[in-house]
>>> print(open('entry-v4.txt').read())   # compact mmCIF, C-alpha atoms and all ligand atoms
# COMPACT_ATOMS: atom_id res chain seq x y z
CA MET A 990 36.41 -32.42 36.38
CA PRO A 991 35.76 -35.11 38.97
CA ILE A 992 39.24 -34.86 40.48
CA SER A 993 38.99 -31.16 41.24
CA SER A 994 35.43 -31.29 42.40
CA SER A 995 36.15 -34.01 44.95
CA SER A 996 39.44 -32.54 46.14
CA GLY A 997 37.76 -30.11 48.52
CA ARG A 998 36.16 -32.87 50.53
CA ARG A 999 38.84 -35.57 50.37
CA ARG A 1000 42.05 -33.74 49.62
CA ALA A 1001 44.74 -36.39 50.13
CA PRO A 1002 43.09 -39.30 48.26
CA ALA A 1003 42.15 -37.01 45.37
CA GLY A 1004 45.74 -35.79 45.20
CA TRP A 1005 47.04 -39.32 44.94
CA ILE A 1006 44.51 -40.13 42.26
CA ALA A 1007 45.63 -37.09 40.31
CA LEU A 1008 49.26 -38.10 40.68
CA ALA A 1009 48.51 -41.63 39.57
CA LEU A 1010 46.66 -40.36 36.51
CA LEU A 1011 49.51 -38.01 35.73
CA LEU A 1012 52.14 -40.72 35.94
CA ALA A 1013 49.96 -43.00 33.81
CA GLY A 1014 50.03 -40.34 31.12
CA CYS A 1015 46.37 -39.35 31.38
CA ALA A 1016 47.20 -35.69 31.93
CA ALA A 1017 49.93 -35.52 29.29
CA PRO A 1018 47.87 -33.92 26.47
CA THR A 1019 47.32 -30.77 28.52
CA ALA A 1020 51.05 -30.12 28.97
CA ALA A 1021 53.50 -29.20 26.21
CA PRO A 1022 55.99 -32.05 25.65
CA GLU A 1023 59.12 -30.07 26.46
CA THR A 1024 57.74 -28.42 29.58
CA GLY A 1025 55.89 -31.20 31.37
CA PRO A 1026 55.67 -30.90 35.11
CA VAL A 1027 57.59 -34.10 35.89
CA PRO A 1028 61.18 -32.77 35.38
CA ALA A 1029 60.33 -29.43 36.97
CA GLY A 1030 61.94 -30.14 40.34
CA PRO A 1031 63.03 -32.65 42.97
CA PRO A 1032 60.54 -35.15 44.36
CA ALA A 1033 58.08 -33.29 46.52
CA ALA A 1034 55.62 -34.10 49.24
CA PRO A 1035 52.36 -35.66 48.08
CA THR A 1036 50.41 -32.45 48.58
CA ALA A 1037 52.82 -30.44 46.38
CA GLN A 1038 52.72 -33.13 43.72
CA ALA A 1039 48.96 -33.12 43.89
CA ALA A 1040 49.00 -29.37 43.35
CA ALA A 1041 51.36 -29.77 40.38
CA ALA A 1042 49.13 -32.47 38.94
CA ALA A 1043 46.04 -30.33 39.41
CA ALA A 1044 47.80 -27.38 37.76
CA ALA A 1045 48.88 -29.57 34.86
CA ALA A 1046 45.38 -30.95 34.49
CA GLN A 1047 44.03 -27.40 34.25
CA GLY A 1048 46.71 -26.39 31.73
CA ALA A 1049 49.36 -24.36 33.54
CA GLN A 1050 50.08 -21.93 30.68
CA PRO A 1051 51.52 -18.96 32.65
CA ALA A 1052 54.06 -21.13 34.46
CA GLN A 1053 55.17 -22.70 31.18
CA GLY A 1054 55.50 -19.30 29.53
CA ALA A 1055 57.67 -18.03 32.35
CA GLN A 1056 59.93 -21.05 31.99
CA GLN A 1057 60.37 -20.62 28.22
CA GLY A 1058 61.70 -17.09 28.20
CA ALA A 1059 61.42 -14.42 25.52
CA PRO A 1060 63.55 -16.02 22.75
CA VAL A 1061 61.53 -19.23 22.83
CA ARG A 1062 58.26 -17.31 22.78
CA ALA A 1063 59.39 -15.17 19.84
CA ALA A 1064 60.47 -18.24 17.89
CA ARG A 1065 57.13 -19.91 18.57
CA GLN A 1066 55.20 -16.80 17.48
CA GLN A 1067 57.26 -16.67 14.29
CA GLU A 1068 56.44 -20.33 13.64
CA GLN A 1069 52.74 -19.63 14.23
CA ARG A 1070 52.78 -16.68 11.80
CA GLN A 1071 54.48 -18.78 9.13
CA ALA A 1072 52.01 -21.62 9.67
CA ALA A 1073 49.05 -19.23 9.37
CA GLN A 1074 50.45 -17.74 6.15
CA ALA A 1075 51.03 -21.25 4.78
CA ARG A 1076 47.39 -22.13 5.58
CA ARG A 1077 46.18 -18.97 3.78
CA ASP A 1078 48.38 -19.72 0.75
CA LEU A 1079 47.10 -23.28 0.65
CA ALA A 1080 43.48 -22.13 0.93
CA ALA A 1081 43.94 -19.61 -1.90
CA HIS A 1082 45.66 -22.24 -4.04
CA GLN A 1083 42.91 -24.76 -3.34
CA SER A 1084 40.12 -22.26 -4.02
CA LEU A 1085 41.74 -21.32 -7.36
CA ALA A 1086 42.13 -25.01 -8.22
CA VAL A 1087 38.45 -25.69 -7.39
CA ALA A 1088 37.37 -22.63 -9.40
CA GLN A 1089 39.40 -23.80 -12.41
CA ARG A 1090 37.98 -27.29 -12.11
CA TRP A 1091 34.47 -25.82 -12.43
CA GLY A 1092 35.51 -23.66 -15.39
CA LEU A 1093 35.42 -20.29 -13.62
CA ALA A 1094 37.53 -17.40 -14.90
CA ALA A 1095 38.78 -16.64 -11.38
CA ALA A 1096 38.34 -17.82 -7.80
CA PRO A 1097 35.21 -16.25 -6.23
CA LEU A 1098 35.96 -13.47 -3.75
CA PRO A 1099 35.34 -14.48 -0.13
CA ALA A 1100 32.38 -12.81 1.57
CA PRO A 1101 33.26 -10.41 4.40
CA PRO A 1102 32.18 -11.46 7.91
CA ALA A 1103 28.44 -11.26 8.51
CA PRO A 1104 27.38 -7.90 9.97
CA ALA A 1105 27.11 -7.93 13.77
CA VAL A 1106 23.72 -6.23 13.45
CA LYS A 1107 21.41 -6.75 10.47
CA PRO A 1108 20.75 -3.59 8.40
CA ALA A 1109 17.70 -1.52 9.40
CA LEU A 1110 15.02 -1.98 6.73
CA VAL A 1111 13.76 1.59 6.55
CA GLU A 1112 12.17 3.17 3.47
CA GLN A 1113 14.80 3.90 0.79
CA PRO A 1114 15.55 2.98 -2.82
CA GLY A 1115 15.44 -0.82 -2.85
CA VAL A 1116 13.30 -1.12 0.30
CA LYS A 1117 9.50 -0.56 0.42
CA THR A 1118 7.94 -0.35 3.87
CA ARG A 1119 4.45 -0.11 5.37
CA PRO A 1120 4.00 0.54 9.08
CA GLY A 1121 3.86 -2.69 11.04
CA LEU A 1122 4.24 -4.91 7.96
CA PRO A 1123 7.23 -6.87 6.64
CA PRO A 1124 9.27 -4.79 4.16
CA VAL A 1125 9.71 -5.66 0.48
CA VAL A 1126 13.43 -5.66 -0.38
CA TYR A 1127 14.99 -5.46 -3.84
CA ARG A 1128 18.39 -4.39 -2.58
CA VAL A 1129 19.69 -5.01 0.95
CA PRO A 1130 20.97 -1.80 2.57
CA THR A 1131 24.73 -2.34 2.90
CA ALA A 1132 27.94 -0.64 1.82
CA ALA A 1133 29.75 -3.98 1.57
CA ARG A 1134 30.54 -5.26 -1.92
CA VAL A 1135 28.23 -8.23 -1.51
CA VAL A 1136 25.28 -9.48 -3.54
CA PHE A 1137 22.90 -12.37 -2.84
CA LEU A 1138 21.91 -15.41 -4.92
CA THR A 1139 18.34 -16.68 -4.59
CA VAL A 1140 17.13 -19.81 -6.41
CA ASP A 1141 13.37 -20.28 -6.84
CA ASP A 1142 10.70 -22.96 -7.27
CA GLY A 1143 12.51 -26.33 -6.96
CA ALA A 1144 11.63 -28.30 -10.12
CA GLU A 1145 15.16 -29.27 -11.20
CA LYS A 1146 17.22 -31.16 -8.62
CA ASP A 1147 20.60 -31.27 -10.35
CA PRO A 1148 23.28 -33.14 -8.37
CA GLU A 1149 26.05 -31.38 -10.32
CA PHE A 1150 24.70 -27.99 -9.25
CA ARG A 1151 24.66 -29.10 -5.62
CA ARG A 1152 28.21 -30.44 -5.90
CA MET A 1153 29.45 -27.26 -7.59
CA ALA A 1154 27.80 -24.98 -5.03
CA GLY A 1155 29.19 -27.11 -2.20
CA GLU A 1156 32.77 -27.36 -3.47
CA LEU A 1157 32.89 -23.63 -4.23
CA GLY A 1158 31.17 -22.70 -0.95
CA VAL A 1159 28.53 -20.65 -2.76
CA PRO A 1160 26.05 -18.99 -0.37
CA LEU A 1161 22.51 -19.22 -1.72
CA SER A 1162 18.91 -19.17 -0.55
CA ALA A 1163 16.34 -21.58 -2.01
CA PHE A 1164 12.76 -20.26 -2.19
CA LEU A 1165 10.74 -23.45 -2.51
CA SER A 1166 7.25 -23.98 -3.85
CA ASP A 1167 5.86 -27.22 -2.46
CA TYR A 1168 4.27 -28.55 -5.64
CA LEU A 1169 7.66 -28.52 -7.40
CA ALA A 1170 10.02 -29.30 -4.52
CA ARG A 1171 8.07 -32.07 -2.80
CA SER A 1172 9.15 -34.88 -5.16
CA ASP A 1173 12.52 -34.79 -3.38
CA TYR A 1174 12.88 -32.54 -0.34
CA GLY A 1175 15.97 -34.64 0.45
CA TYR A 1176 17.83 -32.81 -2.32
CA PHE A 1177 17.14 -29.51 -0.62
CA ARG A 1178 18.01 -30.89 2.82
CA ALA A 1179 21.43 -31.78 1.39
CA LEU A 1180 21.72 -28.23 0.01
CA ARG A 1181 20.72 -26.91 3.44
CA ASP A 1182 23.35 -29.13 5.06
CA GLN A 1183 26.04 -27.47 2.95
CA GLY A 1184 24.86 -23.99 3.99
CA ALA A 1185 21.89 -22.99 1.81
CA GLY A 1186 18.98 -21.08 3.35
CA ILE A 1187 15.50 -22.60 2.85
CA GLN A 1188 12.68 -20.08 2.40
CA ASN A 1189 9.01 -19.85 1.38
CA HIS A 1190 7.64 -19.50 -2.16
CA THR A 1191 4.02 -20.77 -1.58
CA LEU A 1192 2.42 -24.19 -1.85
CA THR A 1193 1.25 -24.04 -5.51
CA HIS A 1194 2.87 -20.91 -7.01
CA PRO A 1195 -0.30 -18.86 -7.72
CA ASP A 1196 -0.50 -15.20 -8.70
CA LEU A 1197 -1.47 -13.94 -5.24
CA ARG A 1198 -3.35 -10.97 -6.69
CA ARG A 1199 -6.09 -13.44 -7.70
CA LEU A 1200 -6.58 -14.82 -4.19
CA ASP A 1201 -8.43 -13.31 -1.22
CA ALA A 1202 -6.75 -13.11 2.16
CA ALA A 1203 -7.90 -16.59 3.18
CA GLY A 1204 -6.54 -18.08 -0.04
CA GLN A 1205 -3.24 -16.29 0.42
CA ARG A 1206 -3.03 -17.52 4.01
CA ARG A 1207 -3.45 -21.11 2.84
CA GLU A 1208 -0.61 -20.65 0.34
CA ILE A 1209 1.84 -18.84 2.63
CA CYS A 1210 1.14 -20.36 6.06
CA GLY A 1211 0.61 -23.75 4.40
CA GLN A 1212 4.12 -23.68 2.95
CA GLN A 1213 5.52 -22.43 6.26
CA ASP A 1214 4.05 -25.58 7.84
CA ARG A 1215 5.39 -27.85 5.06
CA LEU A 1216 8.90 -26.42 5.24
CA GLU A 1217 8.92 -26.58 9.02
CA ALA A 1218 7.88 -30.25 8.81
CA GLU A 1219 10.57 -31.03 6.19
CA PHE A 1220 13.45 -28.94 7.56
CA GLY A 1221 12.67 -28.47 11.25
CA VAL A 1222 12.80 -24.68 10.98
CA ARG A 1223 10.07 -22.18 10.10
CA PRO A 1224 11.26 -19.76 7.37
CA THR A 1225 11.39 -16.01 7.96
CA LEU A 1226 11.60 -14.89 4.32
CA PHE A 1227 8.84 -15.12 1.70
CA ARG A 1228 9.02 -14.44 -2.02
CA PRO A 1229 5.64 -14.05 -3.77
CA PRO A 1230 5.45 -15.89 -7.12
CA TYR A 1231 6.16 -13.57 -10.10
CA GLY A 1232 7.07 -10.87 -7.55
CA GLU A 1233 3.34 -9.98 -7.39
CA TYR A 1234 1.58 -9.21 -4.12
CA THR A 1235 -1.25 -7.20 -2.55
CA ASP A 1236 -1.71 -5.41 0.77
CA ALA A 1237 -3.26 -8.61 2.11
CA THR A 1238 -0.07 -10.50 1.21
CA LEU A 1239 1.96 -8.42 3.63
CA THR A 1240 -0.56 -8.81 6.46
CA VAL A 1241 -0.91 -12.55 5.92
CA ALA A 1242 2.85 -13.02 5.58
CA ARG A 1243 3.38 -11.29 8.93
CA GLU A 1244 0.76 -13.53 10.54
CA CYS A 1245 2.58 -16.58 9.15
CA GLY A 1246 5.87 -15.51 10.76
CA ILE A 1247 7.54 -13.75 7.80
CA THR A 1248 9.83 -10.79 8.54
CA ALA A 1249 10.75 -9.66 5.00
CA LEU A 1250 9.84 -10.23 1.32
CA PRO A 1251 13.02 -10.26 -0.80
CA LEU A 1252 12.43 -9.60 -4.51
CA TRP A 1253 15.31 -9.03 -6.96
CA ASN A 1254 17.21 -6.62 -9.18
CA GLU A 1255 18.92 -9.09 -11.54
CA GLU A 1256 17.91 -12.43 -13.01
CA ALA A 1257 20.47 -15.07 -14.02
CA PHE A 1258 20.17 -17.61 -16.86
CA PRO A 1259 22.77 -20.03 -18.25
CA ASP A 1260 23.28 -17.84 -21.33
CA ARG A 1261 22.75 -14.32 -19.99
CA MET A 1262 22.06 -11.93 -17.11
CA GLU A 1263 18.96 -9.71 -17.16
CA TRP A 1264 19.33 -6.34 -15.45
CA ARG A 1265 16.68 -4.10 -13.89
CA TYR A 1266 18.84 -1.01 -14.43
CA ALA A 1267 20.34 0.19 -17.69
CA ASP A 1268 23.87 0.40 -16.22
CA GLN A 1269 23.99 -3.42 -16.29
CA LYS A 1270 26.00 -3.39 -13.09
CA LEU A 1271 25.66 -5.03 -9.71
CA HIS A 1272 25.23 -2.71 -6.72
CA PRO A 1273 26.05 -3.44 -3.06
CA GLY A 1274 23.20 -5.49 -1.58
CA ASP A 1275 21.57 -6.47 -4.90
CA ILE A 1276 19.50 -9.63 -4.88
CA ILE A 1277 19.94 -11.94 -7.88
CA LEU A 1278 17.08 -14.25 -8.89
CA THR A 1279 17.49 -17.56 -10.66
CA HIS A 1280 15.62 -20.89 -10.74
CA PHE A 1281 15.99 -24.62 -10.20
CA ARG A 1282 15.56 -25.35 -13.91
CA GLY A 1283 16.94 -27.97 -16.25
CA ALA A 1284 18.37 -27.85 -19.75
CA GLY A 1285 14.88 -28.49 -21.15
CA ASP A 1286 13.57 -25.24 -19.64
CA TRP A 1287 16.34 -22.85 -20.64
CA LYS A 1288 19.44 -22.72 -22.82
CA GLY A 1289 21.89 -24.57 -20.62
CA THR A 1290 22.35 -26.33 -17.29
CA MET A 1291 22.31 -25.15 -13.68
CA PRO A 1292 26.13 -25.39 -13.42
CA GLU A 1293 26.35 -23.16 -16.51
CA MET A 1294 23.98 -20.70 -14.86
CA LEU A 1295 26.06 -20.71 -11.67
CA ARG A 1296 29.27 -20.24 -13.67
CA ARG A 1297 27.76 -17.16 -15.33
CA VAL A 1298 26.64 -15.75 -11.98
CA LEU A 1299 30.02 -16.31 -10.30
CA ASP A 1300 32.05 -14.93 -13.22
CA THR A 1301 29.82 -11.85 -13.39
CA VAL A 1302 29.92 -11.26 -9.63
CA THR A 1303 33.69 -11.76 -9.37
CA ALA A 1304 34.50 -9.66 -12.48
CA GLN A 1305 32.57 -6.74 -10.98
CA GLY A 1306 34.49 -7.03 -7.70
CA PHE A 1307 31.68 -8.51 -5.60
CA ALA A 1308 31.33 -11.53 -3.33
CA LEU A 1309 28.20 -13.61 -2.83
CA ALA A 1310 27.04 -13.52 0.80
CA ARG A 1311 24.32 -15.28 2.82
CA LEU A 1312 21.04 -13.42 2.54
CA GLU A 1313 20.02 -14.72 5.97
CA ASP A 1314 23.04 -12.95 7.52
CA TYR A 1315 21.56 -9.62 6.38
CA LEU A 1316 17.74 -10.07 6.41
ZN ZN B 1401 8.66 -18.89 -8.76
>>> encode(input="entry-v4.txt", output="structure tokens", more="lines below")
Ligand SMILES: [Zn+2]
Amino acid sequence: MPISSSSGRRRAPAGWIALALLLAGCAAPTAAPETGPVPAGPPAAPTAQAAAAAAAAQGAQPAQGAQQGAPVRAARQQEQRQAAQARRDLAAHQSLAVAQRWGLAAAPLPAPPAPAVKPALVEQPGVKTRPGLPPVVYRVPTAARVVFLTVDDGAEKDPEFRRMAGELGVPLSAFLSDYLARSDYGYFRALRDQGAGIQNHTLTHPDLRRLDAAGQRREICGQQDRLEAEFGVRPTLFRPPYGEYTDATLTVARECGITALPLWNEEAFPDRMEWRYADQKLHPGDIILTHFRGAGDWKGTMPEMLRRVLDTVTAQGFALARLEDYL
């Protein structure tokens, strides 16, 4: 603050400037209305007033607290607790109202806070590792009741889906293949702006098993470059088309800056869920696959698909979380 920084060299003038600002009301926002420094005592010498002004400008919280006394503080804390509860009630009410507007059976459960440290991707059911190479992940290692929604390819760019995902605050990751997404990357930038992750799904969606290492590098690094140019950030996650890959895929992916290859355990459609395991249940950390597809490609719309995903996830006691918070 210019006033404080100059006060060491030119104390008296700075003090008067501070006082003038204070009297003009410039410092008022930093002081609580009922405990402003002006009525605090008799007129004082300029240096004392300058000190009071400087204290007010810095927000003299301890002095104000001491003046209020315990009953005032308790009443204020009670007010703050009631206000916080009212905000939570309002948020719950609003989230139920939004859920009902989109035809959901219940409001989606909120995701727990992101883990402070991402889970270690060591070999275990759901995680395949090779020394020095990015792991392949079907299920993220976590005990939290969270699952992850991943949406592939990028052909359909449905504004209703974007609006629904935005209003409901649905975390999702889009794995984009350039040949399908490039007709309107702006759609996916808008999705990104409302929280979606943008990740790599190759330039032209080939079966990578049919390409040599150089061909795979063109597909993976090429889409890294495209996405970086379109979104300003180089992805860290790569999903091979059809879930098919070779040893070379892992090496090339690492060279292109990829740290993990998320696959999936469930696939969502507008009219059904497909399950990898016979129990037909979600498990903590499961990755759900779906696609940017229109009503011409499958039996329903993207909002219908998202409704099915959210109702399934909520009914089984899970929350959707951001994949990028965990991988
Ligand atoms: Zn695909």
>>> axis_aligned_box(input="entry-v4.txt", around="segment 1114-1122 of chain A", padding_each_side="8 Å", output="lines of an AutoDock Vina configuration file")
center_x = 9.7
center_y = -1.0
center_z = 4.1
size_x = 27.7
size_y = 23.9
size_z = 29.9
>>> closest_atom_pairs(input="entry-v4.txt", of="chain A", to="ligand ZN 1401 (chain B)", cutoff="9 Å", atoms="only C-alpha atoms and all ligand atoms", output="tab-separated table")
residue	atom	partner	partner_atom	distance
A:Val1140	CA	B:ZN1401	ZN	8.8
A:Asp1141	CA	B:ZN1401	ZN	5.3
A:Asp1142	CA	B:ZN1401	ZN	4.8
A:Gly1143	CA	B:ZN1401	ZN	8.6
A:Phe1164	CA	B:ZN1401	ZN	7.9
A:Leu1165	CA	B:ZN1401	ZN	8.0
A:Ser1166	CA	B:ZN1401	ZN	7.2
A:His1190	CA	B:ZN1401	ZN	6.7
A:Thr1191	CA	B:ZN1401	ZN	8.8
A:His1194	CA	B:ZN1401	ZN	6.4
A:Arg1228	CA	B:ZN1401	ZN	8.1
A:Pro1229	CA	B:ZN1401	ZN	7.6
A:Pro1230	CA	B:ZN1401	ZN	4.7
A:Tyr1231	CA	B:ZN1401	ZN	6.0
A:Gly1232	CA	B:ZN1401	ZN	8.3
A:His1280	CA	B:ZN1401	ZN	7.5
>>> residues_around(input="entry-v4.txt", residues="Leu1093 of chain A", least_positions_apart="3", cutoff="7 Å", atoms="all atoms listed in the file", output="NGL selection string")
:A and (1088-1089 or 1096 or 1296 or 1300)
>>> residues_near_point(input="entry-v4.txt", point="(15.1, -4.5, 4.0)", cutoff="10 Å", atoms="only C-alpha atoms", output="list in words")
Lys1107, Pro1108, Ala1109, Leu1110, Val1111, Glu1112, Gln1113, Gly1115, Val1116, Lys1117, Thr1118, Pro1123, Pro1124, Val1125, Val1126, Tyr1127, Arg1128, Val1129, Pro1130, Thr1131, Thr1248, Ala1249, Leu1250, Pro1251, Gly1274, Tyr1315 and Leu1316 of chain A
>>> atom_distance(input="entry-v4.txt", atom1="atom CA of Asp1268 of chain A", atom2="atom CA of Leu1309 of chain A")
19.9 Å
>>> residues_around(input="entry-v4.txt", residues="Glu1156 of chain A", least_positions_apart="2", cutoff="9 Å", atoms="only C-alpha atoms", output="CSV table (one decimal) with C-alpha atoms, in the coordinates of the input")
chain,number,residue,atom,x,y,z
A,1084,SER,CA,40.1,-22.3,-4.0
A,1087,VAL,CA,38.4,-25.7,-7.4
A,1088,ALA,CA,37.4,-22.6,-9.4
A,1151,ARG,CA,24.7,-29.1,-5.6
A,1152,ARG,CA,28.2,-30.4,-5.9
A,1153,MET,CA,29.4,-27.3,-7.6
A,1154,ALA,CA,27.8,-25.0,-5.0
A,1158,GLY,CA,31.2,-22.7,-1.0
A,1159,VAL,CA,28.5,-20.6,-2.8
>>> atom_distance(input="entry-v4.txt", atom1="atom CA of Leu1200 of chain A", atom2="atom CA of Thr1238 of chain A")
9.5 Å
>>> atom_distance(input="entry-v4.txt", atom1="atom CA of Ala1185 of chain A", atom2="atom CA of Ala1310 of chain A")
10.8 Å
>>> closest_residue(input="entry-v4.txt", among="A:Ala1242, A:Met1294, A:Leu1161, A:Ile1276", to="Met1262 of chain A", atoms="only C-alpha atoms")
A:Met1294
